[in-house]
Amino acid sequence: MKRVGPREDEARARDGADPLPTLRGEFHVPPGKRYPEVAYFAGNSLGLQPRATRAALLTELDDWARLGVAGHFEATHPWLPYHEQLRAPAARLVGARPEETVAMNSLTVNLHLMMASFYRPAGDRTRILIEDNAFPSDSYAVRSQAAFHGLDPDQAVVRVPAAAIVDYLARYGDQVALVLLGGVNYLTGEVLDIPGITAAGHAAGCRVGWDLAHAVGNIPLRLHDWGVDFAVWCSYKYLNAGPGAVAGCFVHSRHLTDATLPRLAGWWGSDPATRFLMRPVAEPVSTADAWQVSNPPILAMAPVRVSLEMFDQVGMGGAAGQERAADRVPRLVADRAACDHPGRSGPARLPALGAGRRRRRGGPRAARGGRRHRGRARAGHHPVGAGTGHQVVIGADGANSAVRQAVPTFQHRQDHLDYGYRELTIPPVAGDFALDPGALHIWPRGTSMMIALPNPDRSFTATLFWPHRDFAAITDPAAHFREHYPDAYALMPDLTTEYARNPVGSLVTVYCWPWAHQGRVALLGDAAHAILPFYGQGANCAFEDCVELDRCLAETGDAWPEALEAYQWRRKENTDAIAEMALENFVEMRDKVGSRAFLWRKRIEHALERALPGRYMTRYELVSFTTVPYAQIRRRNRVRADQLPRVD
Ligand SMILES: Cc1cc2nc3c(=O)[nH]c(=O)nc-3n(C[C@H](O)[C@H](O)[C@H](O)COP(=O)(O)OP(=O)(O)OC[C@H]3O[C@@H](n4cnc5c(N)ncnc54)[C@H](O)[C@@H]3O)c2cc1C
């Protein structure tokens with residue numbers, strides 16, 4: 001059989017390098033015939049349903065049932081300004097200012113609204129330029145606009161191959177009123193040069209608009225900086241907001257206060273401050289909202305809100321996030337590395353403790369390391385960090401690290417637990433803790449559980465660790481809590497509101513190696529080794545990274561390449577160890593805390609602790625209350641596991 005794609009290991013590496021799988025567990029993937037899930041390649045047509053969408057819709061329905069018309073002001077997400085809540089995340093997604101974006105209508109309706117303002121044929125300038133394989137709906141829309149203005153669509157609409165657009169504009173641009181193109185062509189997948197074509201159109205005196213149906217959520221966009229006049233997009237493809245979802249629209253800020261621009265008006269485009277004075281003449285706001293005609297369909301907007309929250313969560317990881325990092329990191333690194341290390345193929349391995357010191361004393365490695373340093377010094381280079389323009393990039397940007405994704409040598413994988421987490425509050429009772437603050441509170445419930453940890457303000461944060469399917473299935477949290485967590489339910493007066501408001505986070509373990517690249521880029525904290533939170537050690541791990549890196553710098557005399565190399569080798573086995581123990585602790589908390597055998601084992605451990613003070617500590621205590629390296633604790637624990645009764 002002919003191989004048509006990458007090998008499995010390559011495919012897995014590519015999957016690992018893609019930040020978007022971070023949220024894979026948060027989507028419903030339809031079941032397959034032979035496999036539990038289909039391989040879904042149709043996101044360019046209709047994106048999958050996020051698990052959070054059902055709850056978001058139910059929240060609106062519940063609020064409607066509960067509040068009636070008062071929901072305009074009192075709903076969980078008040079309906080009157082609902083579209084305003086979508087403005088900033090939509091702007092982040094398309095690289096715009098918040099006032100330049102609005103979620104409304106469907107794509108072609110928005111296209112017509114935009115053309116009502118921006119297609120103003122006059123004199124010889126009457127043409128609309130589209131690509132020769134434009135999406136049919138765009139083609140129909142522009143032809144109808146030409147006819148609407150009394151023009152012959154066959155004459156007014158010009159179809160040009162994408163590659164010839166800039167040339168056409170240079171020659172005939174003075175006859176073109178509007179350039180309207182797809183940012184990513186629906187048929188070929190070709191990404192058009194949006195900034196380049198926009199600039200060429202403007203140079204020819206044309207207005208330039210973009211249909212971003214296949215671009216939004218797919219490629220990085222900077223509509224404001226690129227000076228695009230307007231853009232429209234749908235939300236049901238890569239934005240996963242559901243069939244026929246509410247679409248989006250961008251109008252550049254330079255047009256927002258242009259009173260000469262004609263517009264098809266309706267009451268939701270009128271200033272909300274005076275809207276309900278019911279005056280006969282519209283008072284348009286100076287934001288993209290001015291193009292709104294009717295009030296937004298809240299039930300259809302809720303999935304868009306969920307979608308935009310998810311894109312915010314990954315920081316548009318696969319596209320804008322990568323681009324942001326690509327802008328900053330590799331260029332910086334490549335330039336500087338090329339400049340500072342001509343001919344150097346990569347860092348030497350330096351796994352041993354104290355290697356920096358040994359080098360300075362002499363020995364085979366020391367000779368090489370020492371020569372390199374002396375050579376660089378003679379060549380006029382200075383130590384990194386000495387304020388000479390050298391730079392080191394430390395990627396401490398969390399589990400979805402853009403730095404990690406931007407450096408191809410950082411081979412990584414993200415293991416997702418099919419669980420999400422949601423936080424709730426147990427407030428103080430009569431000014432004091434509602435539960436014993438000295439205990440770890442766990443509610444094991446088979447495949448799911450809840451834990452509660454005390455806060456300085458005497459409240460507890462209760463965290464639900466539930467399978468995603470449970471979050472999706474539970475429609476009445478109050479009833480569920482009354483039945484399954486009755487004691488906690490009694491302590492959570494805001495349960496229903498908080499449950500609806502607080503998002504479901506994902507739980508991921510990041511495995512990455514190496515963490516250092518060419519002595520100039522390194523990962524630290526969750527970026528290198530996010531772990532499950534069941535030992536509460538993630539932040540501590542990141543702090544330990546800092547301590548170790550600092551130590552390595554001191555040992556190597558601030559020689560960054562050597563220090564970074566030593567740092568990663570010293571830390572890796574420890575972070576692997578805590579990642580493994582955190583997963584084990586999750587299974588233990590979830591499945592075993594309720595078992596009698598487990599409780600007996602714990603009693604034996606505590607008895608040993610009392611009998612051998614300072615000489616015997618449980619794994620939990622070693623992890624939580626000492627600085628014994630995690631790898632050592634794992635080794636010790638493996639030995640002990642053979643000595644204590646097993647609990648499976
Ligand atoms: C439910 C849960 C409970 C937890 N409980 C505990 C606990 O009890 N104890 C504990 O020690 N740990 C806990 N953790 C883990 C802990 O939160 C993390 O391990 C820790 O925050 C990691 O720190 P970090 O600095 O590496 O990353 P983060 O805290 O994620 O910080 C990364 C920072 O980088 C920023 N950033 C990201 N991308 C970019 C970009 N492209 N440009 C600029 N900035 C960017 C982010 O905004 C953020 O401020 C828990 C985690 C979870 C999910």
# chains A, B, ... in the order shown; residues from 1 in each chain; ligands from 1
call {"tool": "residues_around", "arguments": {"residues": "Leu192 (chain A)", "least_positions_apart": "6", "cutoff": "12 Å", "atoms": "only C-alpha atoms", "output": "list in words"}}
result
Glu131, Pro161, Ala162, Ala163, Ala164, Ile165, Val166, Leu180, Leu181, Gly182, Gly183, Val184, Asn185, Tyr186, Thr198, Trp210, Asp211, Leu212, His214, Ala215, Ile219 and Leu221 of chain A
call {"tool": "residues_around", "arguments": {"residues": "region 287-294 of chain A", "least_positions_apart": "4", "cutoff": "8 Å", "atoms": "only C-alpha atoms", "output": "count of residues only"}}
result
20
call {"tool": "residues_near_ligand", "arguments": {"ligand": "ligand 1", "cutoff": "9 Å", "atoms": "only C-alpha atoms and all ligand atoms", "output": "PDB file with N, CA, C and O atoms, in the first residue's frame"}}
result
ATOM      1  N   VAL A 314      -6.297  29.181  24.628  1.00  0.00           N
ATOM      2  CA  VAL A 314      -5.055  28.747  23.978  1.00  0.00           C
ATOM      3  C   VAL A 314      -4.301  29.927  23.391  1.00  0.00           C
ATOM      4  O   VAL A 314      -3.259  29.764  22.802  1.00  0.00           O
ATOM      5  N   GLY A 315      -4.838  31.125  23.581  1.00  0.00           N
ATOM      6  CA  GLY A 315      -4.166  32.294  23.030  1.00  0.00           C
ATOM      7  C   GLY A 315      -4.040  32.174  21.526  1.00  0.00           C
ATOM      8  O   GLY A 315      -3.034  32.537  20.938  1.00  0.00           O
ATOM      9  N   GLY A 317      -3.459  29.602  20.096  1.00  0.00           N
ATOM     10  CA  GLY A 317      -2.181  28.899  20.111  1.00  0.00           C
ATOM     11  C   GLY A 317      -1.638  28.482  18.773  1.00  0.00           C
ATOM     12  O   GLY A 317      -0.525  28.801  18.409  1.00  0.00           O
ATOM     13  N   GLY A 321      -0.735  32.480  18.320  1.00  0.00           N
ATOM     14  CA  GLY A 321       0.231  32.201  19.370  1.00  0.00           C
ATOM     15  C   GLY A 321       1.561  31.810  18.763  1.00  0.00           C
ATOM     16  O   GLY A 321       2.612  32.305  19.142  1.00  0.00           O
ATOM     17  N   GLN A 322       1.494  30.915  17.765  1.00  0.00           N
ATOM     18  CA  GLN A 322       2.727  30.490  17.118  1.00  0.00           C
ATOM     19  C   GLN A 322       3.377  31.657  16.422  1.00  0.00           C
ATOM     20  O   GLN A 322       4.581  31.816  16.443  1.00  0.00           O
ATOM     21  N   ARG A 324       3.070  34.775  17.186  1.00  0.00           N
ATOM     22  CA  ARG A 324       3.664  35.689  18.159  1.00  0.00           C
ATOM     23  C   ARG A 324       5.041  35.192  18.554  1.00  0.00           C
ATOM     24  O   ARG A 324       6.014  35.916  18.552  1.00  0.00           O
ATOM     25  N   ALA A 325       5.074  33.885  18.854  1.00  0.00           N
ATOM     26  CA  ALA A 325       6.342  33.316  19.277  1.00  0.00           C
ATOM     27  C   ALA A 325       7.319  33.317  18.111  1.00  0.00           C
ATOM     28  O   ALA A 325       8.494  33.632  18.267  1.00  0.00           O
ATOM     29  N   GLY A 395      11.472  30.621  28.440  1.00  0.00           N
ATOM     30  CA  GLY A 395      10.037  30.405  28.215  1.00  0.00           C
ATOM     31  C   GLY A 395       9.389  29.932  29.504  1.00  0.00           C
ATOM     32  O   GLY A 395       9.433  28.749  29.829  1.00  0.00           O
ATOM     33  N   ALA A 396       8.810  30.857  30.242  1.00  0.00           N
ATOM     34  CA  ALA A 396       8.088  30.503  31.472  1.00  0.00           C
ATOM     35  C   ALA A 396       6.629  30.831  31.230  1.00  0.00           C
ATOM     36  O   ALA A 396       5.967  31.432  32.069  1.00  0.00           O
ATOM     37  N   ASP A 397       6.138  30.443  30.053  1.00  0.00           N
ATOM     38  CA  ASP A 397       4.814  30.882  29.621  1.00  0.00           C
ATOM     39  C   ASP A 397       3.759  29.780  29.706  1.00  0.00           C
ATOM     40  O   ASP A 397       2.820  29.744  28.913  1.00  0.00           O
ATOM     41  N   GLY A 398       3.948  28.903  30.668  1.00  0.00           N
ATOM     42  CA  GLY A 398       2.857  27.998  31.026  1.00  0.00           C
ATOM     43  C   GLY A 398       2.688  26.781  30.128  1.00  0.00           C
ATOM     44  O   GLY A 398       3.447  26.563  29.180  1.00  0.00           O
ATOM     45  N   ALA A 399       1.656  25.997  30.449  1.00  0.00           N
ATOM     46  CA  ALA A 399       1.481  24.672  29.833  1.00  0.00           C
ATOM     47  C   ALA A 399       1.313  24.728  28.318  1.00  0.00           C
ATOM     48  O   ALA A 399       1.657  23.789  27.621  1.00  0.00           O
ATOM     49  N   ASN A 400       0.780  25.831  27.806  1.00  0.00           N
ATOM     50  CA  ASN A 400       0.614  25.939  26.351  1.00  0.00           C
ATOM     51  C   ASN A 400       1.704  26.790  25.730  1.00  0.00           C
ATOM     52  O   ASN A 400       1.490  27.434  24.705  1.00  0.00           O
ATOM     53  N   SER A 401       2.859  26.767  26.350  1.00  0.00           N
ATOM     54  CA  SER A 401       3.967  27.648  25.991  1.00  0.00           C
ATOM     55  C   SER A 401       4.140  27.909  24.498  1.00  0.00           C
ATOM     56  O   SER A 401       4.348  26.984  23.697  1.00  0.00           O
ATOM     57  N   ALA A 402       4.089  29.182  24.148  1.00  0.00           N
ATOM     58  CA  ALA A 402       4.350  29.561  22.754  1.00  0.00           C
ATOM     59  C   ALA A 402       5.836  29.418  22.441  1.00  0.00           C
ATOM     60  O   ALA A 402       6.205  29.098  21.315  1.00  0.00           O
ATOM     61  N   VAL A 403       6.671  29.636  23.437  1.00  0.00           N
ATOM     62  CA  VAL A 403       8.116  29.488  23.210  1.00  0.00           C
ATOM     63  C   VAL A 403       8.421  28.032  22.869  1.00  0.00           C
ATOM     64  O   VAL A 403       9.158  27.731  21.925  1.00  0.00           O
ATOM     65  N   GLY A 420     -11.917  17.260  33.488  1.00  0.00           N
ATOM     66  CA  GLY A 420     -11.767  18.697  33.599  1.00  0.00           C
ATOM     67  C   GLY A 420     -11.884  19.067  35.069  1.00  0.00           C
ATOM     68  O   GLY A 420     -12.170  18.214  35.916  1.00  0.00           O
ATOM     69  N   TYR A 421     -11.622  20.336  35.362  1.00  0.00           N
ATOM     70  CA  TYR A 421     -11.829  20.772  36.745  1.00  0.00           C
ATOM     71  C   TYR A 421     -12.616  22.079  36.753  1.00  0.00           C
ATOM     72  O   TYR A 421     -12.543  22.881  35.831  1.00  0.00           O
ATOM     73  N   ARG A 422     -13.411  22.210  37.792  1.00  0.00           N
ATOM     74  CA  ARG A 422     -14.183  23.448  37.963  1.00  0.00           C
ATOM     75  C   ARG A 422     -14.111  23.822  39.440  1.00  0.00           C
ATOM     76  O   ARG A 422     -14.226  22.962  40.305  1.00  0.00           O
ATOM     77  N   GLU A 423     -13.895  25.111  39.717  1.00  0.00           N
ATOM     78  CA  GLU A 423     -13.724  25.531  41.106  1.00  0.00           C
ATOM     79  C   GLU A 423     -15.001  26.164  41.646  1.00  0.00           C
ATOM     80  O   GLU A 423     -15.702  26.894  40.948  1.00  0.00           O
ATOM     81  N   LEU A 453      -9.616  22.938  49.667  1.00  0.00           N
ATOM     82  CA  LEU A 453      -8.409  23.435  50.333  1.00  0.00           C
ATOM     83  C   LEU A 453      -8.701  24.812  50.922  1.00  0.00           C
ATOM     84  O   LEU A 453      -9.404  25.621  50.298  1.00  0.00           O
ATOM     85  N   THR A 463     -12.622  22.000  44.494  1.00  0.00           N
ATOM     86  CA  THR A 463     -12.370  21.746  43.072  1.00  0.00           C
ATOM     87  C   THR A 463     -12.984  20.409  42.681  1.00  0.00           C
ATOM     88  O   THR A 463     -12.707  19.383  43.308  1.00  0.00           O
ATOM     89  N   LEU A 464     -13.832  20.480  41.667  1.00  0.00           N
ATOM     90  CA  LEU A 464     -14.431  19.253  41.134  1.00  0.00           C
ATOM     91  C   LEU A 464     -13.487  18.692  40.101  1.00  0.00           C
ATOM     92  O   LEU A 464     -13.065  19.416  39.190  1.00  0.00           O
ATOM     93  N   PHE A 465     -13.118  17.445  40.212  1.00  0.00           N
ATOM     94  CA  PHE A 465     -12.366  16.773  39.160  1.00  0.00           C
ATOM     95  C   PHE A 465     -13.283  15.704  38.594  1.00  0.00           C
ATOM     96  O   PHE A 465     -13.452  14.635  39.198  1.00  0.00           O
ATOM     97  N   GLY A 505     -11.702  23.809  33.422  1.00  0.00           N
ATOM     98  CA  GLY A 505     -10.305  23.830  32.951  1.00  0.00           C
ATOM     99  C   GLY A 505      -9.878  22.440  32.524  1.00  0.00           C
ATOM    100  O   GLY A 505     -10.508  21.443  32.883  1.00  0.00           O
ATOM    101  N   SER A 506      -8.813  22.376  31.740  1.00  0.00           N
ATOM    102  CA  SER A 506      -8.344  21.060  31.308  1.00  0.00           C
ATOM    103  C   SER A 506      -7.125  20.650  32.129  1.00  0.00           C
ATOM    104  O   SER A 506      -6.429  21.489  32.685  1.00  0.00           O
ATOM    105  N   LEU A 507      -6.892  19.368  32.193  1.00  0.00           N
ATOM    106  CA  LEU A 507      -5.806  18.813  33.000  1.00  0.00           C
ATOM    107  C   LEU A 507      -4.836  18.110  32.069  1.00  0.00           C
ATOM    108  O   LEU A 507      -5.203  17.177  31.367  1.00  0.00           O
ATOM    109  N   VAL A 508      -3.624  18.572  32.084  1.00  0.00           N
ATOM    110  CA  VAL A 508      -2.671  18.082  31.088  1.00  0.00           C
ATOM    111  C   VAL A 508      -1.303  17.881  31.728  1.00  0.00           C
ATOM    112  O   VAL A 508      -0.917  18.592  32.651  1.00  0.00           O
ATOM    113  N   LEU A 523      13.237  26.430  28.628  1.00  0.00           N
ATOM    114  CA  LEU A 523      11.883  26.380  29.181  1.00  0.00           C
ATOM    115  C   LEU A 523      11.970  26.218  30.684  1.00  0.00           C
ATOM    116  O   LEU A 523      12.886  25.570  31.194  1.00  0.00           O
ATOM    117  N   LEU A 524      10.978  26.743  31.359  1.00  0.00           N
ATOM    118  CA  LEU A 524      10.979  26.695  32.817  1.00  0.00           C
ATOM    119  C   LEU A 524       9.534  26.578  33.298  1.00  0.00           C
ATOM    120  O   LEU A 524       8.632  27.163  32.700  1.00  0.00           O
ATOM    121  N   GLY A 525       9.312  25.829  34.346  1.00  0.00           N
ATOM    122  CA  GLY A 525       7.965  25.701  34.912  1.00  0.00           C
ATOM    123  C   GLY A 525       7.060  24.866  34.017  1.00  0.00           C
ATOM    124  O   GLY A 525       7.509  23.954  33.317  1.00  0.00           O
ATOM    125  N   ASP A 526       5.770  25.202  34.044  1.00  0.00           N
ATOM    126  CA  ASP A 526       4.793  24.414  33.292  1.00  0.00           C
ATOM    127  C   ASP A 526       5.129  24.322  31.807  1.00  0.00           C
ATOM    128  O   ASP A 526       4.750  23.367  31.142  1.00  0.00           O
ATOM    129  N   ALA A 527       5.813  25.302  31.279  1.00  0.00           N
ATOM    130  CA  ALA A 527       6.177  25.255  29.861  1.00  0.00           C
ATOM    131  C   ALA A 527       6.992  24.000  29.579  1.00  0.00           C
ATOM    132  O   ALA A 527       6.846  23.362  28.534  1.00  0.00           O
ATOM    133  N   ALA A 528       7.828  23.613  30.524  1.00  0.00           N
ATOM    134  CA  ALA A 528       8.677  22.439  30.325  1.00  0.00           C
ATOM    135  C   ALA A 528       8.013  21.169  30.837  1.00  0.00           C
ATOM    136  O   ALA A 528       8.216  20.084  30.287  1.00  0.00           O
ATOM    137  N   HIS A 529       7.200  21.292  31.886  1.00  0.00           N
ATOM    138  CA  HIS A 529       6.762  20.058  32.560  1.00  0.00           C
ATOM    139  C   HIS A 529       5.462  20.258  33.336  1.00  0.00           C
ATOM    140  O   HIS A 529       5.421  19.965  34.535  1.00  0.00           O
ATOM    141  N   ALA A 530       4.419  20.768  32.707  1.00  0.00           N
ATOM    142  CA  ALA A 530       3.141  20.888  33.438  1.00  0.00           C
ATOM    143  C   ALA A 530       2.753  19.506  33.966  1.00  0.00           C
ATOM    144  O   ALA A 530       2.921  18.502  33.276  1.00  0.00           O
ATOM    145  N   ILE A 531       2.267  19.480  35.183  1.00  0.00           N
ATOM    146  CA  ILE A 531       1.868  18.198  35.782  1.00  0.00           C
ATOM    147  C   ILE A 531       0.431  18.303  36.274  1.00  0.00           C
ATOM    148  O   ILE A 531      -0.108  19.401  36.405  1.00  0.00           O
ATOM    149  N   LEU A 532      -0.144  17.170  36.565  1.00  0.00           N
ATOM    150  CA  LEU A 532      -1.495  17.180  37.114  1.00  0.00           C
ATOM    151  C   LEU A 532      -1.418  17.776  38.523  1.00  0.00           C
ATOM    152  O   LEU A 532      -0.409  17.620  39.217  1.00  0.00           O
ATOM    153  N   PRO A 533      -2.477  18.431  38.979  1.00  0.00           N
ATOM    154  CA  PRO A 533      -2.355  19.203  40.221  1.00  0.00           C
ATOM    155  C   PRO A 533      -2.602  18.396  41.492  1.00  0.00           C
ATOM    156  O   PRO A 533      -2.876  18.974  42.525  1.00  0.00           O
ATOM    157  N   PHE A 534      -2.493  17.055  41.431  1.00  0.00           N
ATOM    158  CA  PHE A 534      -2.971  16.270  42.569  1.00  0.00           C
ATOM    159  C   PHE A 534      -1.983  16.147  43.718  1.00  0.00           C
ATOM    160  O   PHE A 534      -2.276  15.533  44.726  1.00  0.00           O
ATOM    161  N   TYR A 535      -0.804  16.700  43.551  1.00  0.00           N
ATOM    162  CA  TYR A 535       0.085  16.850  44.698  1.00  0.00           C
ATOM    163  C   TYR A 535       0.256  18.317  45.048  1.00  0.00           C
ATOM    164  O   TYR A 535       0.973  18.672  45.980  1.00  0.00           O
ATOM    165  N   GLY A 536      -0.327  19.187  44.242  1.00  0.00           N
ATOM    166  CA  GLY A 536      -0.166  20.627  44.480  1.00  0.00           C
ATOM    167  C   GLY A 536       1.288  21.056  44.400  1.00  0.00           C
ATOM    168  O   GLY A 536       1.734  21.882  45.195  1.00  0.00           O
ATOM    169  N   GLN A 537       2.038  20.496  43.440  1.00  0.00           N
ATOM    170  CA  GLN A 537       3.467  20.791  43.383  1.00  0.00           C
ATOM    171  C   GLN A 537       3.888  21.564  42.135  1.00  0.00           C
ATOM    172  O   GLN A 537       5.070  21.840  41.940  1.00  0.00           O
ATOM    173  N   GLY A 538       2.924  21.897  41.284  1.00  0.00           N
ATOM    174  CA  GLY A 538       3.290  22.526  40.013  1.00  0.00           C
ATOM    175  C   GLY A 538       4.076  23.810  40.205  1.00  0.00           C
ATOM    176  O   GLY A 538       5.132  24.010  39.593  1.00  0.00           O
ATOM    177  N   ALA A 539       3.568  24.686  41.060  1.00  0.00           N
ATOM    178  CA  ALA A 539       4.252  25.959  41.265  1.00  0.00           C
ATOM    179  C   ALA A 539       5.593  25.730  41.956  1.00  0.00           C
ATOM    180  O   ALA A 539       6.610  26.332  41.594  1.00  0.00           O
ATOM    181  N   ASN A 540       5.595  24.795  42.921  1.00  0.00           N
ATOM    182  CA  ASN A 540       6.847  24.504  43.610  1.00  0.00           C
ATOM    183  C   ASN A 540       7.906  24.015  42.626  1.00  0.00           C
ATOM    184  O   ASN A 540       9.080  24.380  42.698  1.00  0.00           O
ATOM    185  N   CYS A 541       7.462  23.179  41.692  1.00  0.00           N
ATOM    186  CA  CYS A 541       8.371  22.668  40.661  1.00  0.00           C
ATOM    187  C   CYS A 541       9.001  23.814  39.878  1.00  0.00           C
ATOM    188  O   CYS A 541      10.196  23.786  39.573  1.00  0.00           O
ATOM    189  N   ALA A 542       8.170  24.796  39.555  1.00  0.00           N
ATOM    190  CA  ALA A 542       8.680  25.937  38.784  1.00  0.00           C
ATOM    191  C   ALA A 542       9.690  26.722  39.625  1.00  0.00           C
ATOM    192  O   ALA A 542      10.727  27.152  39.127  1.00  0.00           O
ATOM    193  N   PHE A 543       9.383  26.867  40.923  1.00  0.00           N
ATOM    194  CA  PHE A 543      10.331  27.580  41.788  1.00  0.00           C
ATOM    195  C   PHE A 543      11.645  26.794  41.898  1.00  0.00           C
ATOM    196  O   PHE A 543      12.735  27.364  41.898  1.00  0.00           O
TER     197      PHE A 543
END
call {"tool": "atom_distance", "arguments": {"atom1": "CA of Ala177 (chain A)", "atom2": "CA of Arg207 (chain A)"}}
result
6.3 Å
call {"tool": "select_by_dssp", "arguments": {"residues": "region 373-526 of chain A", "states": "helix (DSSP H, G or I)", "output": "JSON, numbers by chain"}}
result
{"A": [373, 374, 375, 376, 377, 378, 402, 403, 404, 405, 406, 468, 469, 470, 471, 472, 473, 477, 478, 479, 480, 481, 482, 483, 484, 486, 487, 488, 489, 495, 496, 497, 498, 499, 500, 501, 526]}
call {"tool": "residues_around", "arguments": {"residues": "Leu46 (chain A)", "least_positions_apart": "2", "cutoff": "6 Å", "atoms": "only C-alpha atoms", "output": "list in words"}}
result
Gly43, Tyr236 and Lys237 of chain A
call {"tool": "residues_around", "arguments": {"residues": "Phe118 (chain A)", "least_positions_apart": "3", "cutoff": "9 Å", "atoms": "only C-alpha atoms", "output": "list of chain:residue names"}}
result
A:Leu113, A:Met114, A:Met115, A:Ala177, A:Leu178, A:Arg207, A:Val208, A:Gly209, A:Asp229, A:Phe230, A:Leu261, A:Pro262
call {"tool": "select_by_dssp", "arguments": {"residues": "region 493-584 of chain A", "states": "strand (DSSP E or B)", "output": "list in words"}}
result
Gly505, Ser506, Leu507, Val508, Thr509, Val510, Tyr511, Cys512, Trp513, Ala516, His517, Val521, Ala522 and Leu523 of chain A
call {"tool": "write_last_selection", "arguments": {"atoms": "N, CA and C atoms", "output": "mmCIF file, in the first residue's frame"}}
result
data_model
loop_
_atom_site.group_PDB
_atom_site.id
_atom_site.type_symbol
_atom_site.label_atom_id
_atom_site.label_comp_id
_atom_site.auth_asym_id
_atom_site.auth_seq_id
_atom_site.Cartn_x
_atom_site.Cartn_y
_atom_site.Cartn_z
ATOM 1 N N GLY A 505 -11.702 23.809 33.422
ATOM 2 C CA GLY A 505 -10.305 23.830 32.951
ATOM 3 C C GLY A 505 -9.878 22.440 32.524
ATOM 4 N N SER A 506 -8.813 22.376 31.740
ATOM 5 C CA SER A 506 -8.344 21.060 31.308
ATOM 6 C C SER A 506 -7.125 20.650 32.129
ATOM 7 N N LEU A 507 -6.892 19.368 32.193
ATOM 8 C CA LEU A 507 -5.806 18.813 33.000
ATOM 9 C C LEU A 507 -4.836 18.110 32.069
ATOM 10 N N VAL A 508 -3.624 18.572 32.084
ATOM 11 C CA VAL A 508 -2.671 18.082 31.088
ATOM 12 C C VAL A 508 -1.303 17.881 31.728
ATOM 13 N N THR A 509 -0.612 16.845 31.261
ATOM 14 C CA THR A 509 0.791 16.672 31.621
ATOM 15 C C THR A 509 1.610 16.959 30.369
ATOM 16 N N VAL A 510 2.614 17.814 30.528
ATOM 17 C CA VAL A 510 3.482 18.140 29.386
ATOM 18 C C VAL A 510 4.802 17.391 29.559
ATOM 19 N N TYR A 511 5.168 16.630 28.531
ATOM 20 C CA TYR A 511 6.480 15.990 28.505
ATOM 21 C C TYR A 511 7.267 16.646 27.383
ATOM 22 N N CYS A 512 8.407 17.169 27.720
ATOM 23 C CA CYS A 512 9.181 17.889 26.704
ATOM 24 C C CYS A 512 10.666 17.591 26.903
ATOM 25 N N TRP A 513 11.377 17.478 25.819
ATOM 26 C CA TRP A 513 12.829 17.346 25.880
ATOM 27 C C TRP A 513 13.407 17.683 24.531
ATOM 28 N N ALA A 516 16.449 23.105 26.613
ATOM 29 C CA ALA A 516 17.364 24.201 26.270
ATOM 30 C C ALA A 516 17.751 24.080 24.804
ATOM 31 N N HIS A 517 17.908 25.218 24.155
ATOM 32 C CA HIS A 517 18.199 25.228 22.730
ATOM 33 C C HIS A 517 19.337 26.197 22.463
ATOM 34 N N VAL A 521 17.864 29.604 24.517
ATOM 35 C CA VAL A 521 16.443 29.523 24.844
ATOM 36 C C VAL A 521 16.264 28.369 25.817
ATOM 37 N N ALA A 522 15.468 28.566 26.833
ATOM 38 C CA ALA A 522 15.187 27.453 27.740
ATOM 39 C C ALA A 522 13.760 27.562 28.244
ATOM 40 N N LEU A 523 13.237 26.430 28.628
ATOM 41 C CA LEU A 523 11.883 26.380 29.181
ATOM 42 C C LEU A 523 11.970 26.218 30.684
#
